Amino acid sequence: MNTILKLYMCFFKIGVFGYGGGYAMLPLIQREVVTKNAWLTTTEFLDIIGISQMTPGPISINTATFVGYKISGFWGSVFATLGVVSFSFILVSIATHYILKFKDSNVLKSALTGMRPALIGLIFSAFLSLSKQSYIDIKSIIIGGFILLMSLKTKIHPILTIVIAGGMGTLFYGIM
Amino acid sequence: MKELFIMFLSFFKIGAFTFGGGYAMIPLIEREVVDNRKWISKEEFTDILVIAQSFPGAMPVNSSLFIGYKLGGIIGAVMAILGVILPSFLIIIVIALFFSQFRENPIVDNIFKGISGAVPVLVLLAVKGLSKSVNKNIINLLIVVISICAITIFDVHPIIIIFLSAIYGIFLSERMES
């Protein structure tokens with residue numbers, strides 16, 4: 001089979017089974033790309049993950065684009081990226097159609113009532129595990145504290161906090 | 001059509017500044033689509049995130065699809081998803097082309113270290129924003145605490161928690177009706 005078509009199918013599958021977003025998808029991608037198809041070595045794959053985490057955007061998209069590019073250039077990256085979002089696109093479009101239609105249904109309303117606090121729990125857990133990774137020295141804690149204070153006290157745009165944090169990183173780790 | 005183009009630009013901006021995965025993006029999306037553009041209400045936004053989380057795929061991709069579809073049908077969904085994935089796509093292509101040493105570059109590394117200090121804060125702000133659309137009562141607090149314990153201590157997969165909480169919600173409302 002044509003490699004580009006195979007790439008598309010492979011990332012389509014990753015999109016179907018990728019519950020829980022980026023980090024949950026990584027083992028799946030690794031199995032498909034490294035173990036099954038031997039397109040990349042483990043080291044190459046880990047390098048790609050590193051860069052995907054550093055660059056903006058959803059990790060699954062970054063990884064798909066990068067892996068696609070490594071394997072068959074520009075068109076490889078286009079089809080791998082399309083592959084990873086195809087299933088979401090189909091499913092979410094159909095689901096939104098029905099959710100908008102049934103948004104006043106009691107079953108949907110009460111399911112959402114139960115799910116809202118659970119989502120908050122999920123996101124708070126993500127906060128805990130991200131903090132454990134990020135706050136490893138006094139400098140990172142100062143950056144985090146400063147950004148938190150600024151966000152709570154002013155109406156600063158989240159994009160600006162990212163820019164400021166990047167600047168503080170250059171200052172703290174590069175110059176001081 | 002103009003509205004859809006503005007939406008594309010909003011999602012492009014969101015995609016370009018999403019560091020550290022989906023949750024860190026929540027305050028940014030909220031600022032754009034709820035506060036600035038007023039396309040959806042705070043409550044709707046929370047529901048969209050809940051639904052996006054219960055589908056396979058990346059959270060930013062799913063929530064942008066929902067918002068896009070709601071605003072402009074299929075074309076809206078296409079515009080929103082292109083907006084959110086295009087920045088990643090372009091940046092990765094450029095890196096793959098020119099900067100094979102991107103990761104080892106000390107300047108890039110320092111900037112990233114700084115940004116990674118902000119990412120957990122953005123996620124915490126997402127929690128703060130979302131909790132405004134949840135009733136403050138003992139049961140909801142209990143669900144939050146149980147979810148946190150299940151994930152951080154017992155390593156339960158998030159989708160199981162989402163599923164169980166939906167069942168709980170439906171069961172509770174039926175019991176209240178009868």
# chains A, B, ... in the order shown; residues from 1 in each chain; ligands from 1
>>> residues_around(residues="region 125-130 of chain A", least_positions_apart="2", cutoff="8 Å", atoms="only C-alpha atoms", output="JSON, numbers by chain")
{"A": [121, 122, 123, 132, 133, 134], "B": [23, 119, 120, 121, 123, 124, 148, 151, 152]}
>>> closest_atom_pairs(of="chain B", to="chain A", cutoff="6 Å", atoms="only C-alpha atoms", output="JSON lines")
{"residue": "B:Gly15", "atom": "CA", "partner": "A:Gly57", "partner_atom": "CA", "distance": 5.2}
{"residue": "B:Ala16", "atom": "CA", "partner": "A:Pro56", "partner_atom": "CA", "distance": 5.7}
{"residue": "B:Phe17", "atom": "CA", "partner": "A:Pro56", "partner_atom": "CA", "distance": 5.6}
{"residue": "B:Thr18", "atom": "CA", "partner": "A:Pro56", "partner_atom": "CA", "distance": 4.9}
{"residue": "B:Phe19", "atom": "CA", "partner": "A:Pro56", "partner_atom": "CA", "distance": 4.7}
{"residue": "B:Gly21", "atom": "CA", "partner": "A:Pro58", "partner_atom": "CA", "distance": 5.3}
{"residue": "B:Leu28", "atom": "CA", "partner": "A:Pro158", "partner_atom": "CA", "distance": 5.6}
{"residue": "B:Pro56", "atom": "CA", "partner": "A:Tyr19", "partner_atom": "CA", "distance": 4.2}
{"residue": "B:Gly57", "atom": "CA", "partner": "A:Gly21", "partner_atom": "CA", "distance": 5.3}
{"residue": "B:Ala58", "atom": "CA", "partner": "A:Gly21", "partner_atom": "CA", "distance": 4.0}
{"residue": "B:Met59", "atom": "CA", "partner": "A:Gly21", "partner_atom": "CA", "distance": 5.9}
{"residue": "B:Ser88", "atom": "CA", "partner": "A:Gly57", "partner_atom": "CA", "distance": 5.0}
{"residue": "B:Asn110", "atom": "CA", "partner": "A:Thr170", "partner_atom": "CA", "distance": 5.0}
{"residue": "B:Ile111", "atom": "CA", "partner": "A:Gly166", "partner_atom": "CA", "distance": 4.3}
{"residue": "B:Lys113", "atom": "CA", "partner": "A:Gly169", "partner_atom": "CA", "distance": 5.7}
{"residue": "B:Gly114", "atom": "CA", "partner": "A:Gly169", "partner_atom": "CA", "distance": 3.6}
{"residue": "B:Ile115", "atom": "CA", "partner": "A:Ala165", "partner_atom": "CA", "distance": 4.9}
{"residue": "B:Ser116", "atom": "CA", "partner": "A:Ser134", "partner_atom": "CA", "distance": 5.8}
{"residue": "B:Gly117", "atom": "CA", "partner": "A:Gly144", "partner_atom": "CA", "distance": 4.9}
{"residue": "B:Ala118", "atom": "CA", "partner": "A:Gly144", "partner_atom": "CA", "distance": 5.3}
{"residue": "B:Pro120", "atom": "CA", "partner": "A:Phe127", "partner_atom": "CA", "distance": 5.3}
{"residue": "B:Val121", "atom": "CA", "partner": "A:Leu148", "partner_atom": "CA", "distance": 5.8}
{"residue": "B:Val123", "atom": "CA", "partner": "A:Phe127", "partner_atom": "CA", "distance": 5.7}
{"residue": "B:Val127", "atom": "CA", "partner": "A:Ile120", "partner_atom": "CA", "distance": 5.9}
{"residue": "B:Asn140", "atom": "CA", "partner": "A:Pro117", "partner_atom": "CA", "distance": 5.7}
{"residue": "B:Ile143", "atom": "CA", "partner": "A:Ala118", "partner_atom": "CA", "distance": 5.9}
{"residue": "B:Val144", "atom": "CA", "partner": "A:Gly121", "partner_atom": "CA", "distance": 4.4}
{"residue": "B:Ser147", "atom": "CA", "partner": "A:Gly121", "partner_atom": "CA", "distance": 5.0}
{"residue": "B:Ile148", "atom": "CA", "partner": "A:Gly121", "partner_atom": "CA", "distance": 5.0}
{"residue": "B:Ile162", "atom": "CA", "partner": "A:Met115", "partner_atom": "CA", "distance": 6.0}
{"residue": "B:Ser165", "atom": "CA", "partner": "A:Gly114", "partner_atom": "CA", "distance": 5.0}
{"residue": "B:Ala166", "atom": "CA", "partner": "A:Ala111", "partner_atom": "CA", "distance": 4.3}
{"residue": "B:Gly169", "atom": "CA", "partner": "A:Gly114", "partner_atom": "CA", "distance": 4.0}
{"residue": "B:Ile170", "atom": "CA", "partner": "A:Ala111", "partner_atom": "CA", "distance": 5.0}
>>> write_last_selection(atoms="N, CA, C and O atoms", output="CSV table (one decimal), in the first residue's frame")
chain,number,residue,atom,x,y,z
B,15,GLY,N,-4.6,28.3,18.7
B,15,GLY,CA,-3.7,27.2,18.4
B,15,GLY,C,-2.3,27.6,18.5
B,15,GLY,O,-1.4,26.9,18.9
B,16,ALA,N,-2.0,28.9,18.2
B,16,ALA,CA,-0.6,29.4,18.2
B,16,ALA,C,-0.1,29.6,19.6
B,16,ALA,O,1.2,29.5,19.8
B,17,PHE,N,-0.9,29.7,20.6
B,17,PHE,CA,-0.4,29.9,21.9
B,17,PHE,C,-0.8,28.9,22.9
B,17,PHE,O,-0.9,29.1,24.1
B,18,THR,N,-1.2,27.7,22.4
B,18,THR,CA,-1.5,26.6,23.3
B,18,THR,C,-0.3,25.8,23.7
B,18,THR,O,0.2,25.0,22.9
B,19,PHE,N,0.3,26.1,24.8
B,19,PHE,CA,1.4,25.4,25.3
B,19,PHE,C,1.0,24.3,26.3
B,19,PHE,O,0.0,24.6,27.1
B,21,GLY,N,-0.4,21.4,26.2
B,21,GLY,CA,-1.6,20.6,26.0
B,21,GLY,C,-2.9,21.3,26.2
B,21,GLY,O,-2.9,22.4,26.6
B,28,LEU,N,-7.6,30.6,27.5
B,28,LEU,CA,-7.4,31.3,26.3
B,28,LEU,C,-8.7,31.3,25.4
B,28,LEU,O,-9.2,32.3,24.9
B,56,PRO,N,-13.3,10.8,21.8
B,56,PRO,CA,-11.9,10.5,21.5
B,56,PRO,C,-11.3,11.7,20.8
B,56,PRO,O,-12.0,12.5,20.1
B,57,GLY,N,-10.0,11.9,20.9
B,57,GLY,CA,-9.3,13.0,20.2
B,57,GLY,C,-8.8,14.1,21.2
B,57,GLY,O,-9.2,14.0,22.4
B,58,ALA,N,-8.1,15.0,20.7
B,58,ALA,CA,-7.5,16.1,21.5
B,58,ALA,C,-8.6,17.1,21.9
B,58,ALA,O,-9.5,17.4,21.1
B,59,MET,N,-8.6,17.5,23.1
B,59,MET,CA,-9.6,18.4,23.7
B,59,MET,C,-9.7,19.7,22.9
B,59,MET,O,-10.8,20.2,22.6
B,88,SER,N,0.1,24.9,14.6
B,88,SER,CA,1.0,23.7,15.0
B,88,SER,C,1.6,23.2,13.7
B,88,SER,O,2.8,22.9,13.7
B,110,ASN,N,15.6,28.0,27.4
B,110,ASN,CA,15.3,28.9,28.5
B,110,ASN,C,13.9,29.4,28.4
B,110,ASN,O,13.2,29.5,29.4
B,111,ILE,N,13.5,29.8,27.2
B,111,ILE,CA,12.2,30.3,27.0
B,111,ILE,C,11.2,29.2,27.4
B,111,ILE,O,10.2,29.5,28.1
B,113,LYS,N,11.6,26.7,29.5
B,113,LYS,CA,11.6,26.6,30.9
B,113,LYS,C,10.7,27.6,31.6
B,113,LYS,O,9.9,27.3,32.5
B,114,GLY,N,10.7,28.8,31.1
B,114,GLY,CA,9.9,29.9,31.6
B,114,GLY,C,8.4,29.6,31.4
B,114,GLY,O,7.6,29.7,32.3
B,115,ILE,N,8.1,29.2,30.1
B,115,ILE,CA,6.7,28.9,29.8
B,115,ILE,C,6.2,27.8,30.6
B,115,ILE,O,5.0,27.8,31.1
B,116,SER,N,7.0,26.8,30.9
B,116,SER,CA,6.5,25.6,31.6
B,116,SER,C,6.2,26.0,33.1
B,116,SER,O,5.4,25.3,33.7
B,117,GLY,N,6.7,27.2,33.5
B,117,GLY,CA,6.2,27.6,34.8
B,117,GLY,C,4.9,28.3,34.8
B,117,GLY,O,4.2,28.3,35.8
B,118,ALA,N,4.4,28.7,33.6
B,118,ALA,CA,3.1,29.3,33.5
B,118,ALA,C,2.0,28.3,33.2
B,118,ALA,O,0.8,28.6,33.5
B,120,PRO,N,1.0,25.3,34.4
B,120,PRO,CA,0.2,24.8,35.5
B,120,PRO,C,-0.8,26.0,36.0
B,120,PRO,O,-1.9,25.7,36.4
B,121,VAL,N,-0.3,27.2,36.0
B,121,VAL,CA,-1.1,28.3,36.4
B,121,VAL,C,-2.3,28.5,35.5
B,121,VAL,O,-3.5,28.7,36.0
B,123,VAL,N,-3.7,26.1,33.8
B,123,VAL,CA,-4.6,25.0,34.1
B,123,VAL,C,-5.5,25.3,35.4
B,123,VAL,O,-6.7,25.1,35.4
B,127,VAL,N,-9.6,25.8,36.1
B,127,VAL,CA,-10.4,25.2,37.2
B,127,VAL,C,-11.3,26.3,37.8
B,127,VAL,O,-12.5,26.2,38.0
B,140,ASN,N,-21.4,18.0,44.8
B,140,ASN,CA,-20.5,18.3,43.8
B,140,ASN,C,-19.0,18.4,44.2
B,140,ASN,O,-18.1,17.9,43.5
B,143,ILE,N,-17.8,14.9,44.3
B,143,ILE,CA,-17.5,14.4,43.0
B,143,ILE,C,-16.1,14.9,42.6
B,143,ILE,O,-15.3,14.1,42.1
B,144,VAL,N,-15.8,16.2,42.8
B,144,VAL,CA,-14.5,16.7,42.5
B,144,VAL,C,-13.4,16.0,43.2
B,144,VAL,O,-12.4,15.5,42.6
B,147,SER,N,-13.0,12.4,42.0
B,147,SER,CA,-12.3,12.4,40.7
B,147,SER,C,-10.8,12.6,40.9
B,147,SER,O,-10.0,11.9,40.3
B,148,ILE,N,-10.4,13.6,41.7
B,148,ILE,CA,-9.0,13.9,41.9
B,148,ILE,C,-8.3,12.6,42.5
B,148,ILE,O,-7.2,12.2,42.0
B,162,ILE,N,-15.5,10.3,33.6
B,162,ILE,CA,-16.5,11.0,32.9
B,162,ILE,C,-17.8,10.2,32.7
B,162,ILE,O,-18.9,10.6,32.9
B,165,SER,N,-19.7,9.6,36.0
B,165,SER,CA,-20.3,10.9,36.5
B,165,SER,C,-21.6,11.2,35.7
B,165,SER,O,-22.6,11.7,36.2
B,166,ALA,N,-21.6,10.8,34.4
B,166,ALA,CA,-22.8,11.0,33.5
B,166,ALA,C,-23.9,10.0,34.0
B,166,ALA,O,-25.0,10.4,34.2
B,169,GLY,N,-25.3,11.4,37.2
B,169,GLY,CA,-26.2,12.5,36.9
B,169,GLY,C,-27.6,12.1,36.5
B,169,GLY,O,-28.6,12.6,36.9
B,170,ILE,N,-27.6,11.1,35.5
B,170,ILE,CA,-28.9,10.6,35.0
B,170,ILE,C,-29.7,9.9,36.1
B,170,ILE,O,-30.9,10.2,36.3
>>> select_by_dssp(residues="region 2-137 of chain A", states="helix (DSSP H, G or I)", output="VMD selection string")
chain A and resid 3 to 17 22 to 36 42 to 54 59 to 101 106 to 134
